[in-house]
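Novice: My questions will all concern the structure given below.
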There are 2 protein chains.
Amino acid sequence: MLHLRRKCRTATRILAGVTRSDRPHNGTFAGPGARKALTLADVAAIAGVSQMTVSRVINGGRDVSAATRATVEDAIEQTGYVAHHAARSLVTRRTNSIAFVVSETQDRFFHDPVFGAMAMGAHSRLAADNLQLVSIACATDTDRRRASQYLRAGHVDGALLASWRRDDPFLRQLADSRVPAVMAGRPARSISIPYVDVNNRTAARDVVRQLIDAGCSRIATITGPLEMSSGRDRLAGYKDAVGEPIAVAHGDFSRGSGQRAMAELLECAPDLDGVFAASDAMAAGALVALERAGRAVPDDVRVAGFDDSSIATEVRPMLTTVRQPLAEIGRRMADLLVDWLGGGEPPKSVLLPTSVIRRESA
Amino acid sequence: MLHLRRKCRTATRILAGVTRSDRPHNGTFAGPGARKALTLADVAAIAGVSQMTVSRVINGGRDVSAATRATVEDAIEQTGYVAHHAARSLVTRRTNSIAFVVSETQDRFFHDPVFGAMAMGAHSRLAADNLQLVSIACATDTDRRRASQYLRAGHVDGALLASWRRDDPFLRQLADSRVPAVMAGRPARSISIPYVDVNNRTAARDVVRQLIDAGCSRIATITGPLEMSSGRDRLAGYKDAVGEPIAVAHGDFSRGSGQRAMAELLECAPDLDGVFAASDAMAAGALVALERAGRAVPDDVRVAGFDDSSIATEVRPMLTTVRQPLAEIGRRMADLLVDWLGGGEPPKSVLLPTSVIRRESA
DNA sequence: TTGTAGGCGTTATCAT
DNA sequence: ATGATAACGCCTACAA
């Protein structure tokens, strides 16, 4: 919506008088524990029935007469009663919540659209079962220990794992625990966690071949962390396509690391005419470094990324990249987990297809 | 790190043989409930002591002889025992976790660095007390209802709230509940939730004056949601500086909305020579729209943003903007909440300072 | 259709 | 220093 001054008196008038900045103020707060916590017994007393009846109404209301149900619902409405999670969970063994645990800093967690896309997919699947998705970022060992404890203590019914190094001890610990978990990307062989992944190796090979087909003969690469399957496999795919690597620089999938790595590559292999970055974020960083070095993309140097996250179309030139269905990956992870929780059987892992997307950078 | 082919045989050799893509495989999984859940009694039996002793060891180990403690710790280590959260929480009334609840889609949640910076600040403060931060995004009413239930059911000890419209019914519901919560930004007057904020109005006024000082005489604005205090106040500040608005377009703080709004502004006020966007993300979107329209920034049109999030330095030209201390805001929110949980007293709200940062766009 | 009794796994209280 | 016992608030039986 847009309002020109002339055209939109209404909007302007509505705003008048409500836009003054207020100073901080504080009303009166009940404070935690000020009001005694409401229990089933309280609501039952108000409704004039037994706890059991209230419980029934809350959990579906079956086998309750319409009249008493109405009474009880009134009481619930009036008191704002919500069943205490811990008490309920203790007996039902369910929390109705699922954790999305990413082994990254809060900053990277909230900055890389890859996680957003996955979370969106997972969220939509979980919402169908009214499961609450809670996200956890854990970058340090202390963080990971805390998160691991959190999961194993039973705060959630299961976990979705992303951006973990393939043999992380906490991953192993989780696999040994009874917490159902599904990973994005493959763990080490010795760790039995079902996963959803793409064939990173062939996908990387294909996009590098695209670079070759476009005329590149000296293609360098910026890798992801080699402790993660995706990092290793994408490097392997690059090698499959180019044979002997011209130059290899290591990043951590982040934009900043991509920029640094590109600067290094330019120094060590100034004659390169193509770069495959193992993530769009790193490719975006590479673009900045190339611009600073006065290299035109794609004319002097062609650049390819990986992910097809929203970054790919936000940067100029827009990135040629490997599309992996991020939201679908999240959805499938959630799907496997929910099935697992329902059926009791650990699910089979899944491989999803990728495709090469040609845009401006190559 | 970078490895030229010649220089880094080691790295290459290390990789050889481990990079083959594996097909999906599944080991044997215990599955949920396959192994009987471990309890205090089990550990106690193994250690040959009472549950109480094990409990003591877990919770600090005071009043336990060194010998028995060692025995018990062995048993815990050996079994991988972790106390069941629900049972413990039922009696202690503590969960040792805090929710960061943002009223946005998963996508926006994970895409706007503003939230990342806040979360980082909050996380660092909470980590000091070993509190787990869990993040929740709720864009729809269904989502918000679920999140509200989650909070009121006692899954967490308290909540950090961000990006809520000032009079959201769920906000009100939360304020009426016994869940301690601290907001980023001011709620409606009638809603008593302590908050951490900046003076959006004077900050916006100052950055618009900067535009004026730079020579702009026809400054339009792209607002945030007017249902949020920050959106309202930043618009008010803009008006304070310019008097009669040239043109006003409305966005939702997101990049895409900024691009759309800028396109509208160009259509309705083609002679504008300055734009104040109420967020860096929208300013970034505006930059794209201006580029497409062939307007040079800052030569033809000067652009100012708000937040000084990482976006401000990622786009070209880099954004002149209002710096608000996002991480500090998160930290203070966490601080207030932790104090509240400890002291029982609802905290006083806090205003943090801002400053105008001049970069390339204005 | 409704109510009563018991137990989920832990910690707090009180003995010893 | 250690152990027995009673809550915590809810739900699953079973009984009425």
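Going through the structure tokens in order, the chains are called A, B, and so on, while each chain numbers its residues from 1 and the ligands are numbered from 1 in the order shown.
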What are the closest atom pairs, with distances in Å to one decimal, for all residues of chain A lying within 7 Å of chain D? Consider only C-alpha atoms (C1' of nucleotides), order rows by chain and residue number, and present the result as CSV.
Specialist:
```
residue,atom,partner,partner_atom,distance
A:Thr39,CA,D:DG9,C1',6.9
A:His84,CA,D:DG9,C1',6.9
A:Ala87,CA,D:DC10,C1',4.9
A:Arg88,CA,D:DC10,C1',4.9
A:Val91,CA,D:DC11,C1',6.3
```
Novice: If the cut-off is 12 Å, can you tell me the residues of chain C near chain B, counting only C-alpha atoms (C1' of nucleotides)? I'd like them as a list in words.
Specialist: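 The contacting residues on chain C are DC8, DG9, DT10, DT11 and DA12 of chain C.
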Novice: Closest to Ala137 of chain B among A:Met120, A:Arg152, A:Leu290, A:Ala188, using only C-alpha atoms?
Specialist: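 Under the stated criterion, the closest residue is A:Met120.
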Novice: For chain B, which of A:Ala249, A:Val198, A:Val242, A:Ala327 is the closest residue, counting only C-alpha atoms?
Specialist: A:Ala249
Novice: With only C-alpha atoms (C1' of nucleotides) as the counted atoms, please give the residues lying no more than 9 Å from Arg316 of chain B, apart from itself and same-chain residues fewer than 5 positions off, as a list in words.
Specialist: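 The residues that qualify are Ala284, Leu287, Glu360 and Ser361 of chain B.
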